[in-house]
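Undergrad: Would you mind keeping the following structure in view while I ask a few things?
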Amino acid sequence: MEYIKKDLGSYNLHIIQTQKFKSVVVQVSFRAPIVKEEITMRNILSDMLLLSCEKYPTKRDIALKSQDLYASQVMVQDLRFGNYLNTDFYLSTLNDKYTEEGNLEEGIRFLSEIINHPKVADNKFCEEDLAIIKRQAMVALERVKEDPANYSMIRLFENMDKDSPVSYRPMGYLEDLDNINTSNLYIYYKNMLKTNMMDIFVIGDVDANKIESLITENFQSNTYKKARKPYRLEEVKPRSKKLIVKEIEELTQAKLSIACRMNDLTDEERNYALTLYSIILGMGGDSKLFQNVREKHSVAYYVNATPNKLDNILVIRAGIAKENFKKVVKLIEAELQAMKKGNFTEEDIKKAKELFHTSLDELEESPTRIINAYYMMELLGVDDIKTRREKMDQVTYEEIVSVAKKIKIDTVYCLEGE
């Protein structure tokens with residue numbers, strides 16, 4: 001696998017050459033500092049661009065063109081990335097050697113048409129298309145409570161810090177949906193192209209010079225941009241006394257979500273020791289939470305722990321019976337304290353490192369996950385995959401204990417059943 005980065009002035013082109021995959025994946029990423037009131041607008045815009053464009057004016061036309069390109073896939077995803085809102089457009093298409101000469105070139109043109117040439121008249125998007133997208137968005141926003149696990153996370157962060165980007169709802173807000181019209185949506189679109197930072201990734205068995213020529217031909221931009229904020233959120237000290245919040249919905253299983261603050265971690269701790277700490281604490285069947293909360297005491301249907309390094313937060317989630325709330329919280333607190341005291345073994349560390357290496361093996365089997373790894377290298381300066389393997393093997397027991405001492409519960413939220 002060979003990585004080539006080309007500075008094209010207003011954006012960077014990243015080419016990852018590999019013969020591992022039959023397909024070629026192109027990712028065009030836009031990012032800008034997140035604004036709460038713009039999240040709904042961004043989601044609507046992404047859906048609008050994928051619904052139609054000037055050359056392919058209906059959803060059916062888009063689908064037929066995708067099929068003409070040997071069942072190529074075009075997708076879009078909006079995600080918060082620390083202090084930034086990230087929009088990624090993807091094209092996945094078979095390599096020319098498995099189809100015909102020019103298939104990749106035509107696929108890149110197709111992606112460019114979708115992103116750069118929307119269906120617009122008089123500086124406005126299509127009223128009919130917008131009505132369709134807004135109806136779909138309204139239904140999704142009104143049904144947010146129908147996914148209790150996701151809703152409990154939303155409410156956890158809103159109670160934890162309502163003014164932080166952590167609490168922003170990724171799907172947006174109903175009250176902002178009403179304010180979106182064909183004119184202001186087009187203004188927002190033009191502003192995205194003009195002001196957002198952009199990176200383009202291409203992974204597959206490709207010729208670098210040909211790819212550079214295709215990309216520069218189809219994605220032209222003369223606006224130079226740079227990051228205006230750090231990507232990682234500012235650290236916040238945890239509450240001296242944890243906040244406990246309970247809410248009631250019609251559920252058969254209560255959803256417990258716990259947010260822990262992480263403070264004063266070094267970059268090395270954040271990238272390596274924290275990962276092993278999280279695996280030992282709450283990832284997989286060998287983890288402390290699984291063994292002692294679910295198996296030994298049988299008070300959770302599931303329980304796990306996941307770090308969010310950009311938000312400086314570790315989240316613990318569990319499905320429980322509401323009458324076991326106090327006991328489960330107490331058991332989780334006990335496991336956090338045990339980690340601080342170093343109540344884990346070298347065998348635990350060995351298993352955690354093996355799981356980490358397995359996850360990297362799986363990463364290298366996915367084009368989009370490989371792109372994401374290189375994206376993190378570009379934005380956050382994290383190490384390449386080979387270096388990550390080597391450094392992870394060098395993490396010590398003492399370093400994991402040091403990380404454990406820098407993690408403390410801030411907010412406990414439980415979405416209880418009637």
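Note on naming: chains are A, B, ... as they come in the structure tokens, residues start from 1 per chain, ligands start from 1 in the order shown.
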Could you give me, as a CSV table (one decimal) with N, CA, C and O atoms, in the first residue's frame, the residues within 12 Å of Cys260 (chain A), counting only C-alpha atoms and dropping anything in the same chain fewer than 2 positions from it?

TA:
chain,number,residue,atom,x,y,z
A,156,LEU,N,-28.2,12.2,27.3
A,156,LEU,CA,-27.1,12.2,28.2
A,156,LEU,C,-26.2,13.4,27.9
A,156,LEU,O,-25.9,14.2,28.9
A,157,PHE,N,-25.9,13.7,26.7
A,157,PHE,CA,-25.0,14.8,26.4
A,157,PHE,C,-25.7,16.2,26.5
A,157,PHE,O,-25.1,17.2,26.9
A,160,MET,N,-25.5,16.8,30.1
A,160,MET,CA,-24.1,17.0,30.5
A,160,MET,C,-23.6,18.4,30.3
A,160,MET,O,-23.0,19.0,31.1
A,235,GLU,N,-10.9,20.7,26.9
A,235,GLU,CA,-11.1,19.8,28.1
A,235,GLU,C,-12.0,20.6,29.1
A,235,GLU,O,-11.8,21.8,29.3
A,236,VAL,N,-12.9,19.8,29.8
A,236,VAL,CA,-13.7,20.4,30.8
A,236,VAL,C,-13.6,19.5,32.1
A,236,VAL,O,-13.6,18.3,32.0
A,237,LYS,N,-13.3,20.1,33.2
A,237,LYS,CA,-13.2,19.4,34.4
A,237,LYS,C,-14.5,18.7,34.8
A,237,LYS,O,-15.6,19.3,34.6
A,238,PRO,N,-14.5,17.5,35.3
A,238,PRO,CA,-15.8,16.8,35.7
A,238,PRO,C,-16.4,17.5,36.9
A,238,PRO,O,-15.7,18.2,37.7
A,239,ARG,N,-17.7,17.3,37.1
A,239,ARG,CA,-18.4,17.8,38.2
A,239,ARG,C,-17.8,17.2,39.5
A,239,ARG,O,-17.3,16.0,39.5
A,242,LYS,N,-21.3,13.8,40.7
A,242,LYS,CA,-21.9,13.4,39.5
A,242,LYS,C,-23.3,13.8,39.4
A,242,LYS,O,-24.1,13.8,40.4
A,243,LEU,N,-23.7,14.2,38.2
A,243,LEU,CA,-25.1,14.6,37.9
A,243,LEU,C,-25.9,13.3,37.6
A,243,LEU,O,-25.4,12.5,36.7
A,257,SER,N,-26.8,5.4,30.4
A,257,SER,CA,-25.7,6.0,29.7
A,257,SER,C,-24.9,6.8,30.7
A,257,SER,O,-25.5,7.7,31.4
A,258,ILE,N,-23.6,6.6,30.7
A,258,ILE,CA,-22.7,7.3,31.7
A,258,ILE,C,-21.6,8.0,30.9
A,258,ILE,O,-20.9,7.4,30.1
A,262,MET,N,-12.4,13.0,30.5
A,262,MET,CA,-11.0,12.7,30.4
A,262,MET,C,-10.1,14.0,30.4
A,262,MET,O,-10.4,14.8,29.6
A,263,ASN,N,-9.2,14.1,31.3
A,263,ASN,CA,-8.4,15.3,31.4
A,263,ASN,C,-6.9,15.0,31.5
A,263,ASN,O,-6.5,14.0,32.1
A,278,SER,N,-9.7,1.2,27.5
A,278,SER,CA,-11.1,1.0,27.1
A,278,SER,C,-11.4,-0.4,26.8
A,278,SER,O,-12.5,-0.9,27.1
A,305,ALA,N,-17.9,0.1,27.0
A,305,ALA,CA,-17.3,1.4,27.2
A,305,ALA,C,-16.6,1.8,25.9
A,305,ALA,O,-15.9,1.0,25.3
A,306,THR,N,-16.8,3.1,25.5
A,306,THR,CA,-16.2,3.6,24.3
A,306,THR,C,-15.6,5.0,24.5
A,306,THR,O,-16.3,5.8,25.0
A,307,PRO,N,-14.4,5.2,24.1
A,307,PRO,CA,-13.8,6.5,24.3
A,307,PRO,C,-14.1,7.4,23.0
A,307,PRO,O,-14.1,6.9,21.9
A,308,ASN,N,-14.3,8.7,23.2
A,308,ASN,CA,-14.4,9.6,22.2
A,308,ASN,C,-13.3,10.6,22.4
A,308,ASN,O,-13.3,11.5,23.2
A,309,LYS,N,-12.2,10.3,21.6
A,309,LYS,CA,-10.9,11.1,21.9
A,309,LYS,C,-11.0,12.5,21.5
A,309,LYS,O,-10.4,13.4,22.1
A,311,ASP,N,-13.7,14.4,21.8
A,311,ASP,CA,-14.6,15.1,22.8
A,311,ASP,C,-14.0,15.0,24.2
A,311,ASP,O,-14.6,15.5,25.1
A,312,ASN,N,-13.0,14.2,24.4
A,312,ASN,CA,-12.4,14.0,25.8
A,312,ASN,C,-13.4,13.4,26.7
A,312,ASN,O,-13.5,13.8,27.9
A,313,ILE,N,-14.1,12.4,26.2
A,313,ILE,CA,-15.2,11.8,26.9
A,313,ILE,C,-15.1,10.2,26.7
A,313,ILE,O,-14.8,9.8,25.6
A,314,LEU,N,-15.3,9.5,27.8
A,314,LEU,CA,-15.5,8.1,27.7
A,314,LEU,C,-17.0,7.8,28.1
A,314,LEU,O,-17.5,8.2,29.1
A,315,VAL,N,-17.7,7.0,27.2
A,315,VAL,CA,-19.1,6.7,27.5
A,315,VAL,C,-19.3,5.2,27.8
A,315,VAL,O,-18.7,4.4,27.1
A,316,ILE,N,-20.0,5.0,28.9
A,316,ILE,CA,-20.4,3.6,29.3
A,316,ILE,C,-21.9,3.5,29.1
A,316,ILE,O,-22.7,4.3,29.5
A,317,ARG,N,-22.3,2.4,28.4
A,317,ARG,CA,-23.7,2.2,28.0
A,317,ARG,C,-24.1,0.8,28.5
A,317,ARG,O,-23.3,-0.2,28.4
A,332,ILE,N,-20.4,-0.3,38.2
A,332,ILE,CA,-19.6,0.4,37.2
A,332,ILE,C,-18.5,1.2,37.9
A,332,ILE,O,-17.4,1.3,37.5
A,333,GLU,N,-19.0,2.0,38.9
A,333,GLU,CA,-18.0,2.8,39.7
A,333,GLU,C,-16.9,2.0,40.3
A,333,GLU,O,-15.8,2.4,40.3
A,336,LEU,N,-14.4,1.1,37.6
A,336,LEU,CA,-13.5,2.3,37.3
A,336,LEU,C,-12.5,2.5,38.4
A,336,LEU,O,-11.3,2.8,38.1
A,404,ALA,N,-6.1,5.6,33.6
A,404,ALA,CA,-7.3,5.3,34.5
A,404,ALA,C,-7.5,6.4,35.5
A,404,ALA,O,-8.7,6.7,35.9
A,405,LYS,N,-6.4,6.9,36.0
A,405,LYS,CA,-6.5,8.0,37.1
A,405,LYS,C,-7.0,9.3,36.5
A,405,LYS,O,-7.3,10.2,37.3
A,406,LYS,N,-7.0,9.4,35.2
A,406,LYS,CA,-7.4,10.7,34.6
A,406,LYS,C,-8.9,10.7,34.1
A,406,LYS,O,-9.3,11.6,33.3
A,407,ILE,N,-9.6,9.7,34.5
A,407,ILE,CA,-11.0,9.5,34.0
A,407,ILE,C,-11.9,9.5,35.2
A,407,ILE,O,-11.7,8.8,36.2
A,408,LYS,N,-13.0,10.3,35.1
A,408,LYS,CA,-13.9,10.4,36.2
A,408,LYS,C,-15.4,10.6,35.7
A,408,LYS,O,-15.6,11.4,34.7
A,409,ILE,N,-16.3,10.0,36.4
A,409,ILE,CA,-17.7,10.1,36.0
A,409,ILE,C,-18.2,11.6,36.1
A,409,ILE,O,-17.9,12.2,37.1
A,410,ASP,N,-18.9,12.1,35.1
A,410,ASP,CA,-19.5,13.4,35.2
A,410,ASP,C,-21.0,13.4,35.3
A,410,ASP,O,-21.6,14.0,36.1
A,411,THR,N,-21.6,12.6,34.3
A,411,THR,CA,-23.1,12.6,34.2
A,411,THR,C,-23.6,11.1,34.0
A,411,THR,O,-23.0,10.4,33.3
A,412,VAL,N,-24.7,10.8,34.8
A,412,VAL,CA,-25.3,9.5,34.6
A,412,VAL,C,-26.8,9.8,34.2
A,412,VAL,O,-27.5,10.5,34.8
A,413,TYR,N,-27.2,9.2,33.1
A,413,TYR,CA,-28.5,9.3,32.5
A,413,TYR,C,-29.2,8.0,32.4
A,413,TYR,O,-28.6,7.0,31.9

Undergrad: With only C-alpha atoms as the counted atoms, please give the residues lying no more than 8 Å from region 341-348 of chain A, apart from itself and same-chain residues fewer than 5 positions off, as a list in words.

TA: Ile280, Tyr397 and Val401 of chain A

Undergrad: Using only C-alpha atoms, which residues sit within 12 Å of region 57-66 of chain A once same-chain residues fewer than 4 positions away are excluded, as an MDAnalysis selection string?

TA: chainID A and resid 47:53 70:75 91:94 103:104 106:111 113:114 117:120 125:126 128:129 132:133

Undergrad: Excluding Ile385 (chain A) and residues on its chain fewer than 5 positions from it, collect all residues at most 9 Å away from it, counting only C-alpha atoms, and give them as a list in words.

TA: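 Near Ile385 (chain A), the qualifying residues are Leu360, Ala373, Tyr374 and Glu390 of chain A.
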
Undergrad: Find, counting only C-alpha atoms, the residue in A:Met339, A:Ile320, A:Glu268, A:Asp361 that gets nearest to Leu281 (chain A).

TA: A:Met339

Undergrad: Take CA of Gly417 (chain A) and CA of Glu323 (chain A) and report the distance between them in Å, one decimal.

TA: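 Taking CA of Gly417 (chain A) and CA of Glu323 (chain A), their separation equals 10.1 Å.
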
Undergrad: Provide the CA of Val303 (chain A) to CA of Glu399 (chain A) distance in Å, to one decimal place.

TA: 24.6 Å

Undergrad: Can you list, as a list in words, all residues belonging to region 211-332 of chain A that DSSP tags as alpha helix (DSSP H)?

TA: Ile211, Glu212, Ser213, Leu214, Ile215, Thr216, Glu217, Asn218, Asp267, Glu268, Leu274, Thr275, Leu276, Tyr277, Ser278, Ile279, Ile280, Leu281, Gly282, Lys288, Leu289, Phe325, Lys326, Lys327, Val328, Val329, Lys330, Leu331 and Ile332 of chain A

Undergrad: So how many Å separate CA of Gly82 (chain A) and CA of Leu233 (chain A), to one decimal?

TA: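 Straight-line distance from CA of Gly82 (chain A) to CA of Leu233 (chain A) works out to 5.7 Å.
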
Undergrad: Which residue, A:Met192, A:Leu69, A:Val35, A:Leu256, has the smallest gap to Glu105 (chain A) when you use only C-alpha atoms?

TA: A:Leu69

Undergrad: Nearest residue to Ile44 (chain A) out of A:Asp178, A:Glu100, A:Asp384, A:Glu2, using only C-alpha atoms?

TA: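 Ranked by minimum distance to Ile44 (chain A), first place goes to A:Asp178.
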
Undergrad: Tell me which protein, DNA and RNA residues are within 12 Å of Asn372 (chain A), counting only C-alpha atoms, leaving out same-chain ones fewer than 2 positions away, and put them as a short mmCIF file (atom, residue, chain, number, x, y, z; two decimals) with C-alpha atoms, in the first residue's frame.

TA:
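Contents of out-v7.cif, freshly written:
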data_model
loop_
_atom_site.label_atom_id
_atom_site.label_comp_id
_atom_site.auth_asym_id
_atom_site.auth_seq_id
_atom_site.Cartn_x
_atom_site.Cartn_y
_atom_site.Cartn_z
CA HIS A 14 -4.71 11.79 -1.13
CA ILE A 16 -3.76 5.30 -1.61
CA VAL A 25 -13.39 4.43 -3.74
CA VAL A 26 -13.39 8.21 -4.05
CA GLN A 27 -14.24 10.33 -1.01
CA VAL A 28 -14.78 14.09 -1.20
CA SER A 29 -14.82 15.62 2.29
CA PHE A 81 -15.91 15.71 14.12
CA ASP A 88 -18.32 13.08 3.06
CA ASP A 199 -9.88 16.88 1.02
CA ILE A 200 -10.27 14.27 -1.69
CA PHE A 201 -9.21 10.64 -1.18
CA VAL A 202 -8.87 7.93 -3.81
CA ILE A 203 -8.06 4.34 -2.90
CA LEU A 363 -9.51 -1.97 9.07
CA GLU A 364 -7.13 -2.94 6.28
CA SER A 366 -12.17 -1.90 4.23
CA PRO A 367 -11.41 0.90 1.73
CA THR A 368 -13.49 3.45 3.63
CA ARG A 369 -11.87 2.61 6.97
CA ILE A 370 -8.42 2.91 5.39
CA TYR A 374 -5.38 8.48 6.59
CA TYR A 375 -7.88 11.29 7.23
CA MET A 376 -7.01 11.14 10.92
CA MET A 377 -3.32 11.22 10.04
CA GLU A 378 -3.94 14.34 7.98
CA LEU A 379 -6.08 16.24 10.48
CA LEU A 380 -4.80 15.08 13.85
CA VAL A 382 -1.86 10.42 14.36
CA ASP A 384 0.36 5.49 10.36
CA ILE A 385 -0.97 1.95 10.75
#

Undergrad: I need the residues in region 113-165 of chain A that are strand (DSSP E) according to DSSP; give them as a PyMOL selection string.

TA: chain A and resi 120-121+124-125

Undergrad: Given the selection you just returned, output its residues as a file containing N, CA and C atoms, formatted as a CSV table (one decimal), in the first residue's frame.

TA:
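Below you can see again_37.csv, which holds the result:
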chain,number,residue,atom,x,y,z
A,120,VAL,N,-30.8,23.6,-10.2
A,120,VAL,CA,-31.0,24.9,-9.7
A,120,VAL,C,-31.6,25.8,-10.8
A,121,ALA,N,-32.6,26.6,-10.4
A,121,ALA,CA,-33.1,27.6,-11.3
A,121,ALA,C,-33.3,28.9,-10.6
A,124,LYS,N,-32.1,29.1,-7.0
A,124,LYS,CA,-33.0,28.4,-6.0
A,124,LYS,C,-33.0,26.9,-6.4
A,125,PHE,N,-33.0,26.1,-5.3
A,125,PHE,CA,-33.2,24.7,-5.5
A,125,PHE,C,-34.7,24.4,-5.9

Undergrad: Identify, on the basis of only C-alpha atoms, every residue whose closest approach to region 210-226 of chain A does not exceed 6 Å; exclude the query and any residue fewer than 4 positions from it along the same chain; express the result as a count of residues only.

TA: 3
